[in-house]
Each structure stands twice: as structure tokens, then as C-alpha cells.
Amino acid sequence: MHDVIVTNGDVKAPGARLSRDAALAALGEAAQWWGCDVPDDPGTSELALLLDELVERLRADRRDERLRSAAVDLAEVAEALGAASRLGGLLPVISLWHLRTAVEKERLARRHLAEAAASQPAGALLPATVS
């Protein structure tokens, strides 16, 4: 029997091939874009908690279907972050796959929000932040 060696470069995930640090930085910036108060150098568990809170706020907004729709994608981001947090340093390749998946899902949420805005009549604006 032969040993199989897997490196981070072998991880297949949609989107850009980000390192763990780059993925965390991208997710921190994304959380700020969505209006979250992100601490300096957040970890996966902190980002997962922030995104869970954001998803609850978006789902509770009965005035804007676009935000509730974005909450579906962002719930998947929070789920992927939670999975990476639970893994910690135990399985770094799998953790990196979850982080890259979270980055791609967040991009998808923004794209869906932009598409929804483009289909709205002129003058209908998206909220800049979520409160």
C-alpha cells in the first residue's frame, strides 16, 4: 500500500485559489461590506457568529425580498465558516476547502443582490448597510 500525500494545492474549490489567510481576510472584508462590525484579525468562529447574526437580521427584514434572498446564500457562508471552525487545525486541507467555498458563496450572494437590483425599477435603491 502506498501513502497518499495531499497538499493545499490539491484542494478543488470554486473560484480563486486562496490561502487560508487570504480567504479569512476576504471573508472579513465581505462581512464589513454587509455591515458587520468585524474585529481586528477575526478567526473562523468569530466570522461564523457575525454571519449567523447577519443572516437572522436579513431574514427578519420583511420589507425587502432581496435581502431575505441574500440570506440564503449567506447562511451557507456561515455554515462553511462553522465547519472550518470546528475542524480547527485538525484537517487543514478540508478546512481550506470550506473557507474557499465560503468566499465563493459570499460572492454569489452579492451577485444575486446585484441582479435583483438591476431588475428593479429606476430609483429603487439597495440598503448600504444592514442594521
# chains A, B, ... in the order shown; residues from 1 in each chain; ligands from 1

$ residues_around --residues "segment 85-87 of chain A" --least-positions-apart "5" --cutoff "7 Å" --atoms "only C-alpha atoms" --output "PyMOL selection string"
chain A and resi 44-45+95

$ write_last_selection --atoms "N, CA and C atoms" --output "short mmCIF file (atom, residue, chain, number, x, y, z; two decimals), in the first residue's frame"
data_model
loop_
_atom_site.label_atom_id
_atom_site.label_comp_id
_atom_site.auth_asym_id
_atom_site.auth_seq_id
_atom_site.Cartn_x
_atom_site.Cartn_y
_atom_site.Cartn_z
N THR A 44 -12.22 32.08 12.27
CA THR A 44 -13.37 31.46 11.63
C THR A 44 -14.60 31.46 12.52
N SER A 45 -14.42 31.19 13.81
CA SER A 45 -15.60 31.15 14.69
C SER A 45 -16.22 32.53 14.86
N SER A 95 -10.40 22.17 5.88
CA SER A 95 -10.74 23.49 6.41
C SER A 95 -10.58 24.55 5.32
#

$ closest_atom_pairs --of "segment 27-78 of chain A" --to "segment 104-121 of chain A" --cutoff "7 Å" --atoms "only C-alpha atoms" --output "tab-separated table"
residue	atom	partner	partner_atom	distance
A:Arg66	CA	A:Leu113	CA	6.2
A:Ala70	CA	A:Ala109	CA	5.1
A:Asp73	CA	A:Ala109	CA	5.3
A:Leu74	CA	A:Glu106	CA	6.1
A:Glu76	CA	A:Lys105	CA	6.8
A:Val77	CA	A:Lys105	CA	5.8

$ write_last_selection --atoms "all heavy atoms" --output "PDB file, in the first residue's frame"
ATOM      1  N   ARG A  66     -35.130  41.048  -1.513  1.00  0.00           N
ATOM      2  CA  ARG A  66     -33.754  40.865  -1.987  1.00  0.00           C
ATOM      3  C   ARG A  66     -32.830  40.485  -0.840  1.00  0.00           C
ATOM      4  O   ARG A  66     -31.964  39.620  -1.001  1.00  0.00           O
ATOM      5  CB  ARG A  66     -33.254  42.134  -2.662  1.00  0.00           C
ATOM      6  CG  ARG A  66     -34.035  42.471  -3.916  1.00  0.00           C
ATOM      7  CD  ARG A  66     -33.695  43.842  -4.414  1.00  0.00           C
ATOM      8  NE  ARG A  66     -34.216  44.819  -3.465  1.00  0.00           N
ATOM      9  CZ  ARG A  66     -34.102  46.122  -3.592  1.00  0.00           C
ATOM     10  NH1 ARG A  66     -33.460  46.622  -4.619  1.00  0.00           N
ATOM     11  NH2 ARG A  66     -34.603  46.940  -2.713  1.00  0.00           N
ATOM     12  N   ALA A  70     -30.717  37.038  -0.247  1.00  0.00           N
ATOM     13  CA  ALA A  70     -29.268  37.010   0.012  1.00  0.00           C
ATOM     14  C   ALA A  70     -28.959  36.222   1.275  1.00  0.00           C
ATOM     15  O   ALA A  70     -27.901  35.602   1.380  1.00  0.00           O
ATOM     16  CB  ALA A  70     -28.733  38.434   0.131  1.00  0.00           C
ATOM     17  N   ASP A  73     -27.921  32.527   0.681  1.00  0.00           N
ATOM     18  CA  ASP A  73     -26.515  32.312   0.336  1.00  0.00           C
ATOM     19  C   ASP A  73     -25.608  32.559   1.538  1.00  0.00           C
ATOM     20  O   ASP A  73     -24.654  31.814   1.773  1.00  0.00           O
ATOM     21  CB  ASP A  73     -26.090  33.224  -0.814  1.00  0.00           C
ATOM     22  CG  ASP A  73     -26.805  32.901  -2.110  1.00  0.00           C
ATOM     23  OD1 ASP A  73     -26.957  31.704  -2.413  1.00  0.00           O
ATOM     24  OD2 ASP A  73     -27.197  33.840  -2.817  1.00  0.00           O
ATOM     25  N   LEU A  74     -25.902  33.597   2.296  1.00  0.00           N
ATOM     26  CA  LEU A  74     -25.061  33.923   3.446  1.00  0.00           C
ATOM     27  C   LEU A  74     -25.173  32.879   4.549  1.00  0.00           C
ATOM     28  O   LEU A  74     -24.220  32.679   5.305  1.00  0.00           O
ATOM     29  CB  LEU A  74     -25.406  35.313   3.974  1.00  0.00           C
ATOM     30  CG  LEU A  74     -25.038  36.448   3.019  1.00  0.00           C
ATOM     31  CD1 LEU A  74     -25.553  37.782   3.534  1.00  0.00           C
ATOM     32  CD2 LEU A  74     -23.533  36.499   2.785  1.00  0.00           C
ATOM     33  N   GLU A  76     -25.245  29.758   3.949  1.00  0.00           N
ATOM     34  CA  GLU A  76     -24.270  28.749   3.512  1.00  0.00           C
ATOM     35  C   GLU A  76     -22.843  29.202   3.817  1.00  0.00           C
ATOM     36  O   GLU A  76     -21.983  28.379   4.136  1.00  0.00           O
ATOM     37  CB  GLU A  76     -24.434  28.459   2.027  1.00  0.00           C
ATOM     38  CG  GLU A  76     -25.743  27.752   1.711  1.00  0.00           C
ATOM     39  CD  GLU A  76     -25.894  27.440   0.241  1.00  0.00           C
ATOM     40  OE1 GLU A  76     -24.870  27.183  -0.427  1.00  0.00           O
ATOM     41  OE2 GLU A  76     -27.035  27.457  -0.243  1.00  0.00           O
ATOM     42  N   VAL A  77     -22.592  30.504   3.751  1.00  0.00           N
ATOM     43  CA  VAL A  77     -21.283  31.037   4.123  1.00  0.00           C
ATOM     44  C   VAL A  77     -21.035  30.773   5.607  1.00  0.00           C
ATOM     45  O   VAL A  77     -19.972  30.284   5.996  1.00  0.00           O
ATOM     46  CB  VAL A  77     -21.191  32.556   3.830  1.00  0.00           C
ATOM     47  CG1 VAL A  77     -19.894  33.139   4.373  1.00  0.00           C
ATOM     48  CG2 VAL A  77     -21.335  32.827   2.345  1.00  0.00           C
TER      49      VAL A  77
END

$ residues_around --residues "Arg68 of chain A" --least-positions-apart "6" --cutoff "7 Å" --atoms "only C-alpha atoms" --output "compact mmCIF listing (two decimals) with C-alpha atoms, in the first residue's frame"
# COMPACT_ATOMS: atom_id res chain seq x y z
CA LEU A 58 -31.74 39.73 6.87
CA ARG A 59 -34.37 37.03 7.31
CA ASP A 61 -36.46 42.15 7.26

$ residues_around --residues "Glu53 of chain A" --least-positions-apart "2" --cutoff "12 Å" --atoms "only C-alpha atoms" --output "VMD selection string"
chain A and resid 31 34 to 37 46 to 51 55 to 60 71 74 to 75 78 130 to 131

$ write_last_selection --atoms "N, CA and C atoms" --output "compact mmCIF listing (two decimals), in the first residue's frame"
# COMPACT_ATOMS: atom_id res chain seq x y z
N ALA A 31 -17.76 40.63 5.29
CA ALA A 31 -18.64 40.86 6.44
C ALA A 31 -18.78 42.36 6.71
N TRP A 34 -21.17 43.88 4.27
CA TRP A 34 -22.56 43.59 4.63
C TRP A 34 -23.00 44.35 5.88
N GLY A 35 -22.10 45.14 6.47
CA GLY A 35 -22.47 45.98 7.60
C GLY A 35 -22.14 45.41 8.96
N CYS A 36 -21.37 44.34 9.02
CA CYS A 36 -20.99 43.74 10.30
C CYS A 36 -19.83 44.52 10.91
N ASP A 37 -19.78 44.56 12.24
CA ASP A 37 -18.69 45.18 12.97
C ASP A 37 -17.63 44.10 13.22
N GLU A 46 -15.38 33.57 14.93
CA GLU A 46 -15.91 34.94 15.04
C GLU A 46 -16.68 35.34 13.79
N LEU A 47 -16.11 35.01 12.64
CA LEU A 47 -16.80 35.34 11.39
C LEU A 47 -18.09 34.54 11.24
N ALA A 48 -18.07 33.28 11.65
CA ALA A 48 -19.29 32.46 11.57
C ALA A 48 -20.38 33.06 12.44
N LEU A 49 -20.03 33.52 13.63
CA LEU A 49 -21.02 34.13 14.53
C LEU A 49 -21.57 35.42 13.93
N LEU A 50 -20.69 36.26 13.38
CA LEU A 50 -21.14 37.50 12.75
C LEU A 50 -22.09 37.23 11.59
N LEU A 51 -21.75 36.25 10.78
CA LEU A 51 -22.60 35.92 9.62
C LEU A 51 -23.92 35.32 10.06
N VAL A 55 -27.44 36.89 9.02
CA VAL A 55 -28.49 36.10 8.37
C VAL A 55 -29.81 36.27 9.10
N GLU A 56 -29.78 36.25 10.42
CA GLU A 56 -31.02 36.44 11.19
C GLU A 56 -31.63 37.81 10.94
N ARG A 57 -30.78 38.85 10.89
CA ARG A 57 -31.29 40.20 10.61
C ARG A 57 -31.90 40.29 9.21
N LEU A 58 -31.22 39.67 8.24
CA LEU A 58 -31.74 39.73 6.87
C LEU A 58 -33.05 38.96 6.73
N ARG A 59 -33.13 37.82 7.37
CA ARG A 59 -34.37 37.03 7.31
C ARG A 59 -35.53 37.75 8.00
N ALA A 60 -35.22 38.55 9.00
CA ALA A 60 -36.27 39.26 9.75
C ALA A 60 -36.79 40.49 9.00
N ALA A 71 -29.90 36.23 2.22
CA ALA A 71 -29.69 35.50 3.47
C ALA A 71 -29.52 34.00 3.24
N LEU A 74 -25.90 33.60 2.30
CA LEU A 74 -25.06 33.92 3.45
C LEU A 74 -25.17 32.88 4.55
N ALA A 75 -26.30 32.20 4.63
CA ALA A 75 -26.43 31.10 5.60
C ALA A 75 -25.45 29.98 5.24
N ALA A 78 -22.03 31.09 6.43
CA ALA A 78 -21.89 30.87 7.88
C ALA A 78 -21.70 29.39 8.20
N VAL A 130 -26.74 46.83 6.68
CA VAL A 130 -27.83 46.10 7.31
C VAL A 130 -27.78 46.41 8.79
N SER A 131 -28.88 46.89 9.31
CA SER A 131 -28.88 47.21 10.75
C SER A 131 -29.95 46.42 11.45

$ closest_residue --among "A:Leu96, A:Val72, A:Leu81, A:Leu67" --to "Ala22 of chain A" --atoms "only C-alpha atoms"
A:Leu96
